[in-house]
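What follows is the content of target_34.tsv, which has TSV, N, CA and C atoms:
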chain	number	residue	atom	x	y	z
A	255	SER	N	0.85	-1.17	0.00
A	255	SER	CA	0.00	0.00	0.00
A	255	SER	C	0.90	1.23	0.00
A	256	ALA	N	0.37	2.37	0.39
A	256	ALA	CA	1.17	3.60	0.33
A	256	ALA	C	0.72	4.61	1.36
A	257	VAL	N	1.61	5.55	1.66
A	257	VAL	CA	1.27	6.59	2.61
A	257	VAL	C	0.29	7.60	2.03
A	258	GLY	N	-0.11	7.41	0.78
A	258	GLY	CA	-1.16	8.24	0.19
A	258	GLY	C	-2.48	8.07	0.92
A	259	ALA	N	-2.55	7.11	1.84
A	259	ALA	CA	-3.74	6.89	2.65
A	259	ALA	C	-3.95	8.04	3.63
A	260	TYR	N	-2.91	8.81	3.86
A	260	TYR	CA	-2.99	9.89	4.86
A	260	TYR	C	-3.12	11.25	4.19
A	261	PRO	N	-3.80	12.17	4.85
A	261	PRO	CA	-3.87	13.54	4.31
A	261	PRO	C	-2.46	14.14	4.28
A	262	THR	N	-2.22	15.06	3.35
A	262	THR	CA	-0.90	15.65	3.25
A	262	THR	C	-0.58	16.55	4.43
A	263	SER	N	-1.58	17.17	5.01
A	263	SER	CA	-1.31	17.98	6.20
A	263	SER	C	-2.60	18.26	6.95
A	264	ILE	N	-2.54	18.03	8.24
A	264	ILE	CA	-3.60	18.43	9.15
A	264	ILE	C	-2.88	19.14	10.29
A	265	PRO	N	-2.88	20.48	10.30
A	265	PRO	CA	-2.12	21.22	11.31
A	265	PRO	C	-2.42	20.74	12.74
A	266	GLY	N	-1.35	20.45	13.48
A	266	GLY	CA	-1.48	20.06	14.87
A	266	GLY	C	-2.00	18.65	15.09
A	267	THR	N	-2.11	17.86	14.04
A	267	THR	CA	-2.64	16.51	14.15
A	267	THR	C	-1.60	15.50	13.70
A	268	THR	N	-1.50	14.42	14.45
A	268	THR	CA	-0.62	13.33	14.07
A	268	THR	C	-1.46	12.22	13.48
A	269	VAL	N	-1.09	11.75	12.31
A	269	VAL	CA	-1.76	10.59	11.73
A	269	VAL	C	-0.75	9.46	11.65
A	270	ASP	N	-1.22	8.26	11.99
A	270	ASP	CA	-0.35	7.09	11.96
A	270	ASP	C	-1.17	5.88	11.58
A	271	GLU	N	-0.60	4.68	11.75
A	271	GLU	CA	-1.28	3.48	11.33
A	271	GLU	C	-2.61	3.24	12.05
A	272	ASP	N	-2.81	3.89	13.19
A	272	ASP	CA	-4.09	3.78	13.89
A	272	ASP	C	-5.14	4.70	13.29
A	273	SER	N	-4.73	5.60	12.42
A	273	SER	CA	-5.66	6.50	11.73
A	273	SER	C	-6.07	5.84	10.42
A	274	SER	N	-6.81	4.76	10.54
A	274	SER	CA	-7.05	3.91	9.38
A	274	SER	C	-8.10	4.41	8.41
A	275	ASP	N	-8.90	5.37	8.80
A	275	ASP	CA	-9.98	5.81	7.90
A	275	ASP	C	-9.84	7.27	7.50
A	276	VAL	N	-8.61	7.69	7.24
A	276	VAL	CA	-8.36	9.10	6.94
A	276	VAL	C	-8.05	9.35	5.47
A	277	TYR	N	-8.41	8.42	4.61
A	277	TYR	CA	-8.08	8.55	3.19
A	277	TYR	C	-8.55	9.90	2.65
A	278	PRO	N	-7.63	10.72	2.15
A	278	PRO	CA	-8.04	12.02	1.61
A	278	PRO	C	-8.80	11.86	0.30
A	279	PRO	N	-9.59	12.85	-0.08
A	279	PRO	CA	-10.38	12.76	-1.31
A	279	PRO	C	-9.56	13.08	-2.56
A	280	THR	N	-8.29	12.72	-2.54
A	280	THR	CA	-7.41	12.94	-3.69
A	280	THR	C	-7.35	11.66	-4.51
A	281	PHE	N	-6.78	11.75	-5.70
A	281	PHE	CA	-6.64	10.56	-6.54
A	281	PHE	C	-5.89	9.47	-5.80
A	282	PHE	N	-4.73	9.81	-5.22
A	282	PHE	CA	-3.92	8.79	-4.55
A	282	PHE	C	-4.58	8.30	-3.27
A	283	GLY	N	-5.24	9.19	-2.54
A	283	GLY	CA	-5.94	8.76	-1.33
A	283	GLY	C	-7.02	7.74	-1.63
A	284	GLN	N	-7.77	7.98	-2.68
A	284	GLN	CA	-8.84	7.05	-3.06
A	284	GLN	C	-8.28	5.78	-3.69
A	285	LEU	N	-7.16	5.89	-4.40
A	285	LEU	CA	-6.51	4.72	-4.97
A	285	LEU	C	-6.04	3.78	-3.86
A	286	VAL	N	-5.41	4.34	-2.83
A	286	VAL	CA	-4.94	3.53	-1.70
A	286	VAL	C	-6.13	2.91	-0.98
A	287	LYS	N	-7.20	3.67	-0.81
A	287	LYS	CA	-8.39	3.13	-0.14
A	287	LYS	C	-8.92	1.91	-0.89
A	288	LYS	N	-9.06	2.03	-2.20
A	288	LYS	CA	-9.57	0.90	-3.00
A	288	LYS	C	-8.58	-0.27	-2.98
A	289	TRP	N	-7.31	0.03	-3.04
A	289	TRP	CA	-6.28	-1.01	-3.02
A	289	TRP	C	-6.36	-1.79	-1.70
A	290	GLU	N	-6.46	-1.06	-0.58
A	290	GLU	CA	-6.52	-1.73	0.72
A	290	GLU	C	-7.84	-2.47	0.91
A	291	GLU	N	-8.94	-1.92	0.41
A	291	GLU	CA	-10.22	-2.62	0.51
A	291	GLU	C	-10.20	-3.93	-0.27
A	292	SER	N	-9.42	-3.98	-1.34
A	292	SER	CA	-9.39	-5.18	-2.17
A	292	SER	C	-8.77	-6.38	-1.46
A	293	VAL	N	-8.01	-6.16	-0.40
A	293	VAL	CA	-7.42	-7.28	0.32
A	293	VAL	C	-8.07	-7.50	1.69
A	294	THR	N	-9.14	-6.79	1.95
A	294	THR	CA	-9.86	-6.98	3.20
A	294	THR	C	-10.73	-8.23	3.06
A	295	LEU	N	-10.51	-9.18	3.95
A	295	LEU	CA	-11.21	-10.45	3.90
A	295	LEU	C	-12.36	-10.49	4.90
A	296	PRO	N	-13.37	-11.29	4.64
A	296	PRO	CA	-14.44	-11.47	5.63
A	296	PRO	C	-13.86	-12.00	6.93
A	297	LYS	N	-14.45	-11.63	8.03
A	297	LYS	CA	-13.91	-12.00	9.35
A	297	LYS	C	-13.88	-13.51	9.58
A	298	ASP	N	-14.71	-14.28	8.88
A	298	ASP	CA	-14.74	-15.72	9.09
A	298	ASP	C	-13.65	-16.47	8.31
A	299	ILE	N	-12.83	-15.75	7.56
A	299	ILE	CA	-11.72	-16.38	6.84
A	299	ILE	C	-10.46	-16.22	7.70
A	300	PRO	N	-9.87	-17.34	8.13
A	300	PRO	CA	-8.74	-17.27	9.06
A	300	PRO	C	-7.40	-17.00	8.38
A	301	THR	N	-7.33	-15.95	7.62
A	301	THR	CA	-6.09	-15.58	6.95
A	301	THR	C	-5.62	-14.24	7.49
A	302	ARG	N	-4.38	-14.19	7.86
A	302	ARG	CA	-3.78	-12.97	8.39
A	302	ARG	C	-3.49	-12.00	7.26
A	303	VAL	N	-3.85	-10.72	7.45
A	303	VAL	CA	-3.59	-9.69	6.44
A	303	VAL	C	-2.77	-8.58	7.08
A	304	VAL	N	-1.67	-8.23	6.42
A	304	VAL	CA	-0.83	-7.11	6.86
A	304	VAL	C	-0.73	-6.15	5.68
A	305	LYS	N	-1.01	-4.89	5.94
A	305	LYS	CA	-0.93	-3.85	4.90
A	305	LYS	C	0.22	-2.92	5.29
A	306	VAL	N	1.25	-2.89	4.46
A	306	VAL	CA	2.41	-2.04	4.73
A	306	VAL	C	2.28	-0.79	3.87
A	307	ARG	N	2.15	0.35	4.51
A	307	ARG	CA	2.05	1.63	3.80
A	307	ARG	C	3.45	2.20	3.65
A	308	THR	N	3.97	2.17	2.43
A	308	THR	CA	5.34	2.59	2.21
A	308	THR	C	5.43	4.03	1.70
A	309	GLY	N	6.57	4.62	2.00
A	309	GLY	CA	6.93	5.90	1.42
A	309	GLY	C	7.86	5.63	0.25
A	310	VAL	N	8.60	6.63	-0.16
A	310	VAL	CA	9.58	6.47	-1.23
A	310	VAL	C	10.73	5.62	-0.69
A	311	VAL	N	11.10	4.58	-1.42
A	311	VAL	CA	12.15	3.66	-0.97
A	311	VAL	C	13.48	4.10	-1.57
A	312	PHE	N	14.45	4.35	-0.68
A	312	PHE	CA	15.79	4.74	-1.10
A	312	PHE	C	16.77	3.60	-0.87
A	313	GLY	N	17.77	3.55	-1.68
A	313	GLY	CA	18.84	2.57	-1.56
A	313	GLY	C	19.93	3.01	-2.52
A	314	ASN	N	20.67	2.07	-3.05
A	314	ASN	CA	21.73	2.41	-4.00
A	314	ASN	C	21.20	2.68	-5.39
A	315	ASP	N	20.01	2.23	-5.67
A	315	ASP	CA	19.39	2.42	-6.98
A	315	ASP	C	18.03	3.08	-6.78
A	316	GLY	N	17.21	3.02	-7.78
A	316	GLY	CA	15.84	3.49	-7.68
A	316	GLY	C	15.72	4.99	-7.55
A	317	ALA	N	14.85	5.42	-6.64
A	317	ALA	CA	14.51	6.83	-6.50
A	317	ALA	C	15.72	7.71	-6.20
A	318	LEU	N	16.60	7.24	-5.33
A	318	LEU	CA	17.76	8.05	-4.95
A	318	LEU	C	18.66	8.32	-6.15
A	319	ARG	N	18.88	7.31	-6.97
A	319	ARG	CA	19.73	7.48	-8.15
A	319	ARG	C	19.16	8.56	-9.07
A	320	SER	N	17.85	8.67	-9.15
A	320	SER	CA	17.21	9.66	-10.02
A	320	SER	C	17.18	11.05	-9.39
A	321	LEU	N	17.09	11.12	-8.07
A	321	LEU	CA	16.91	12.40	-7.40
A	321	LEU	C	18.21	13.17	-7.14
A	322	VAL	N	19.28	12.48	-6.85
A	322	VAL	CA	20.52	13.15	-6.43
A	322	VAL	C	21.21	13.95	-7.53
A	323	PRO	N	21.39	13.45	-8.75
A	323	PRO	CA	22.16	14.20	-9.75
A	323	PRO	C	21.70	15.64	-9.98
A	324	PRO	N	20.42	15.93	-10.12
A	324	PRO	CA	20.03	17.33	-10.32
A	324	PRO	C	20.46	18.24	-9.16
A	325	PHE	N	20.46	17.72	-7.92
A	325	PHE	CA	20.92	18.52	-6.78
A	325	PHE	C	22.42	18.79	-6.89
A	326	ARG	N	23.17	17.79	-7.28
A	326	ARG	CA	24.62	17.95	-7.42
A	326	ARG	C	24.96	18.93	-8.55
A	327	TRP	N	24.15	18.93	-9.60
A	327	TRP	CA	24.39	19.82	-10.74
A	327	TRP	C	23.83	21.22	-10.51
A	328	GLY	N	23.11	21.42	-9.40
A	328	GLY	CA	22.55	22.74	-9.10
A	328	GLY	C	21.34	23.10	-9.93
A	329	VAL	N	20.66	22.10	-10.49
A	329	VAL	CA	19.48	22.39	-11.31
A	329	VAL	C	18.21	21.76	-10.75
A	330	ALA	N	18.25	21.28	-9.53
A	330	ALA	CA	17.08	20.63	-8.95
A	330	ALA	C	16.04	21.68	-8.57
A	331	THR	N	14.81	21.28	-8.66
A	331	THR	CA	13.72	22.14	-8.21
A	331	THR	C	12.96	21.40	-7.12
A	332	VAL	N	12.23	22.16	-6.35
A	332	VAL	CA	11.41	21.59	-5.28
A	332	VAL	C	9.95	21.75	-5.68
A	333	ALA	N	9.22	20.66	-5.63
A	333	ALA	CA	7.80	20.72	-5.96
A	333	ALA	C	7.03	21.43	-4.86
A	334	GLY	N	6.09	22.25	-5.23
A	334	GLY	CA	5.28	22.96	-4.24
A	334	GLY	C	6.12	23.95	-3.45
A	335	THR	N	5.81	24.05	-2.16
A	335	THR	CA	6.52	25.00	-1.30
A	335	THR	C	7.81	24.43	-0.74
A	336	GLY	N	7.95	23.12	-0.82
A	336	GLY	CA	9.11	22.47	-0.22
A	336	GLY	C	8.91	22.16	1.24
A	337	LYS	N	7.79	22.59	1.80
A	337	LYS	CA	7.50	22.35	3.22
A	337	LYS	C	6.63	21.11	3.44
A	338	GLN	N	6.11	20.53	2.35
A	338	GLN	CA	5.27	19.35	2.51
A	338	GLN	C	6.15	18.16	2.91
A	339	TYR	N	5.56	17.26	3.65
A	339	TYR	CA	6.32	16.11	4.13
A	339	TYR	C	6.66	15.15	3.01
A	340	PHE	N	7.82	14.54	3.15
A	340	PHE	CA	8.35	13.61	2.16
A	340	PHE	C	8.66	12.30	2.88
A	341	PRO	N	7.68	11.40	2.94
A	341	PRO	CA	7.92	10.15	3.66
A	341	PRO	C	8.85	9.23	2.89
A	342	TRP	N	9.89	8.75	3.54
A	342	TRP	CA	10.88	7.93	2.89
A	342	TRP	C	11.31	6.79	3.81
A	343	ILE	N	11.98	5.81	3.23
A	343	ILE	CA	12.53	4.69	4.01
A	343	ILE	C	13.67	4.09	3.20
A	344	HIS	N	14.63	3.52	3.90
A	344	HIS	CA	15.74	2.85	3.22
A	344	HIS	C	15.31	1.43	2.86
A	345	ILE	N	15.85	0.92	1.77
A	345	ILE	CA	15.50	-0.41	1.27
A	345	ILE	C	15.71	-1.49	2.33
A	346	ARG	N	16.78	-1.40	3.12
A	346	ARG	CA	17.02	-2.43	4.15
A	346	ARG	C	15.94	-2.38	5.22
A	347	ASP	N	15.47	-1.18	5.55
A	347	ASP	CA	14.44	-1.05	6.58
A	347	ASP	C	13.09	-1.58	6.11
A	348	ILE	N	12.70	-1.28	4.87
A	348	ILE	CA	11.42	-1.78	4.39
A	348	ILE	C	11.48	-3.29	4.24
A	349	ALA	N	12.63	-3.83	3.81
A	349	ALA	CA	12.78	-5.28	3.73
A	349	ALA	C	12.64	-5.90	5.12
A	350	GLY	N	13.17	-5.23	6.13
A	350	GLY	CA	13.05	-5.72	7.51
A	350	GLY	C	11.61	-5.71	7.99
A	351	ILE	N	10.85	-4.69	7.59
A	351	ILE	CA	9.43	-4.63	7.97
A	351	ILE	C	8.67	-5.79	7.35
A	352	PHE	N	8.90	-6.04	6.05
A	352	PHE	CA	8.23	-7.16	5.38
A	352	PHE	C	8.63	-8.49	6.02
A	353	ASP	N	9.91	-8.65	6.31
A	353	ASP	CA	10.40	-9.87	6.94
A	353	ASP	C	9.73	-10.06	8.31
A	354	HIS	N	9.67	-9.00	9.09
A	354	HIS	CA	9.03	-9.06	10.41
A	354	HIS	C	7.56	-9.46	10.29
A	355	ALA	N	6.86	-8.88	9.33
A	355	ALA	CA	5.44	-9.19	9.14
A	355	ALA	C	5.23	-10.64	8.72
A	356	ILE	N	6.12	-11.15	7.89
A	356	ILE	CA	5.98	-12.53	7.41
A	356	ILE	C	6.32	-13.52	8.53
A	357	GLU	N	7.38	-13.26	9.27
A	357	GLU	CA	7.88	-14.20	10.27
A	357	GLU	C	7.08	-14.23	11.57
A	358	ASN	N	6.36	-13.17	11.88
A	358	ASN	CA	5.63	-13.08	13.15
A	358	ASN	C	4.13	-13.16	12.92
A	359	GLU	N	3.55	-14.28	13.28
A	359	GLU	CA	2.14	-14.52	13.02
A	359	GLU	C	1.21	-13.61	13.82
A	360	ASN	N	1.72	-12.93	14.83
A	360	ASN	CA	0.88	-12.03	15.61
A	360	ASN	C	0.78	-10.64	14.98
A	361	VAL	N	1.50	-10.39	13.90
A	361	VAL	CA	1.46	-9.09	13.22
A	361	VAL	C	0.29	-9.10	12.24
A	362	THR	N	-0.61	-8.15	12.40
A	362	THR	CA	-1.75	-8.00	11.49
A	362	THR	C	-2.05	-6.51	11.33
A	363	GLY	N	-2.86	-6.20	10.35
A	363	GLY	CA	-3.33	-4.82	10.18
A	363	GLY	C	-2.36	-3.97	9.39
A	364	ILE	N	-2.26	-2.71	9.79
A	364	ILE	CA	-1.50	-1.71	9.04
A	364	ILE	C	-0.16	-1.44	9.71
A	365	LEU	N	0.89	-1.43	8.91
A	365	LEU	CA	2.23	-1.03	9.36
A	365	LEU	C	2.67	0.13	8.48
A	366	ASN	N	3.35	1.09	9.07
A	366	ASN	CA	3.88	2.21	8.30
A	366	ASN	C	5.31	1.92	7.91
A	367	GLY	N	5.57	1.90	6.61
A	367	GLY	CA	6.91	1.65	6.09
A	367	GLY	C	7.59	2.95	5.74
A	368	VAL	N	7.85	3.76	6.75
A	368	VAL	CA	8.55	5.04	6.56
A	368	VAL	C	9.54	5.23	7.69
A	369	SER	N	10.48	6.15	7.48
A	369	SER	CA	11.46	6.43	8.52
A	369	SER	C	10.78	7.10	9.71
A	370	PRO	N	11.36	6.97	10.90
A	370	PRO	CA	10.75	7.61	12.07
A	370	PRO	C	10.90	9.13	12.05
A	371	GLU	N	11.85	9.63	11.26
A	371	GLU	CA	12.09	11.07	11.20
A	371	GLU	C	11.32	11.68	10.03
A	372	ALA	N	10.40	12.57	10.34
A	372	ALA	CA	9.65	13.25	9.28
A	372	ALA	C	10.57	14.25	8.60
A	373	ALA	N	10.54	14.27	7.29
A	373	ALA	CA	11.37	15.20	6.52
A	373	ALA	C	10.48	15.93	5.52
A	374	THR	N	10.91	17.13	5.17
A	374	THR	CA	10.23	17.87	4.11
A	374	THR	C	11.18	17.94	2.92
A	375	ALA	N	10.66	18.32	1.78
A	375	ALA	CA	11.52	18.42	0.60
A	375	ALA	C	12.66	19.39	0.83
A	376	MET	N	12.42	20.45	1.58
A	376	MET	CA	13.48	21.42	1.87
A	376	MET	C	14.39	20.94	2.99
A	377	GLY	N	13.91	19.99	3.80
A	377	GLY	CA	14.69	19.51	4.93
A	377	GLY	C	15.01	18.03	4.82
A	378	THR	N	15.21	17.55	3.59
A	378	THR	CA	15.53	16.14	3.40
A	378	THR	C	16.81	15.81	4.16
A	379	PRO	N	16.79	14.76	4.97
A	379	PRO	CA	17.98	14.42	5.74
A	379	PRO	C	19.21	14.31	4.84
A	380	SER	N	20.29	14.92	5.28
A	380	SER	CA	21.51	14.96	4.48
A	380	SER	C	22.07	13.58	4.20
A	381	VAL	N	21.72	12.60	5.03
A	381	VAL	CA	22.23	11.25	4.81
A	381	VAL	C	21.77	10.73	3.45
A	382	LEU	N	20.65	11.23	2.95
A	382	LEU	CA	20.18	10.77	1.64
A	382	LEU	C	20.97	11.37	0.50
A	383	LEU	N	21.58	12.52	0.72
A	383	LEU	CA	22.29	13.20	-0.35
A	383	LEU	C	23.79	12.94	-0.35
A	384	ARG	N	24.30	12.23	0.67
A	384	ARG	CA	25.72	11.90	0.72
A	384	ARG	C	26.02	10.72	-0.18
A	385	ARG	N	27.22	10.64	-0.65
A	385	ARG	CA	27.64	9.49	-1.45
A	385	ARG	C	27.98	8.33	-0.61

Please rewrite the model in this file as structure tokens.
Amino acid sequence: SAVGAYPTSIPGTTVDEDSSDVYPPTFFGQLVKKWEESVTLPKDIPTRVVKVRTGVVFGNDGALRSLVPPFRWGVATVAGTGKQYFPWIHIRDIAGIFDHAIENENVTGILNGVSPEAATAMGTPSVLLRR
């Protein structure tokens, strides 16, 4: 699933995996809602369901490889105001979340696959931009 399940900003409000019915009326909010509803099983079916809401996954390839060069060349732009939150996670951490969910039968419901540190486009942690 994806963090598109959450509103982009609610001043003074924290939303997390316990905020399960906050799908915003945006394209991505409704897409995530339909995606998550598609794996909701009737209560009488004894199958465990875990929904991992991921942010942008960074590692040695993928999104990071595409994002860093424009910053290094001095031609990068920031979408919007740059103050909106940018949920991210490292590939090893998201793999660990999936592994934990698979290996532990007591894990059910929604897990957030994002870093514990909230970042904005203007305040992206420098660890992501280092070589």

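The protein and nucleic acid residues lying at most 6 Å from segment 308-325 of chain A are Ala256, Val257, Pro341, Trp342, Ile343, His344, Ile345, Gly367 and Val368 of chain A, with only C-alpha atoms considered and sequence neighbours fewer than 6 positions away removed.
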
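Atom pair atom N of Phe340 of chain A / atom C of Val286 of chain A has a distance of 18.6 Å (rounded to one decimal).
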
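Each of A:Arg302, A:Tyr277, A:Ala330, A:Ile356 was checked against Glu290 of chain A using only C-alpha atoms; the smallest atom-to-atom distance is that of A:Tyr277.
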
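Each of A:Asn358, A:Ser292, A:Ala259, A:Trp327 was checked against Val276 of chain A using only C-alpha atoms; the smallest atom-to-atom distance is that of A:Ala259.
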
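With atom N of Thr301 of chain A on one side and atom N of Ser369 of chain A on the other, the separation reads 28.4 Å.
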
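Between Pro300 of chain A and the candidates A:Gln338, A:Arg326, A:Thr280, A:Thr362, the tightest atom-to-atom separation, counting only C-alpha atoms, involves A:Thr362.
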
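The space separating atom C of Pro370 of chain A from atom C of Phe282 of chain A comes to 21.8 Å.
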
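Closest approach to Lys287 of chain A among A:Gly258, A:Val303, A:Asp272, A:Ile364 is made by A:Gly258 (distances from only C-alpha atoms).
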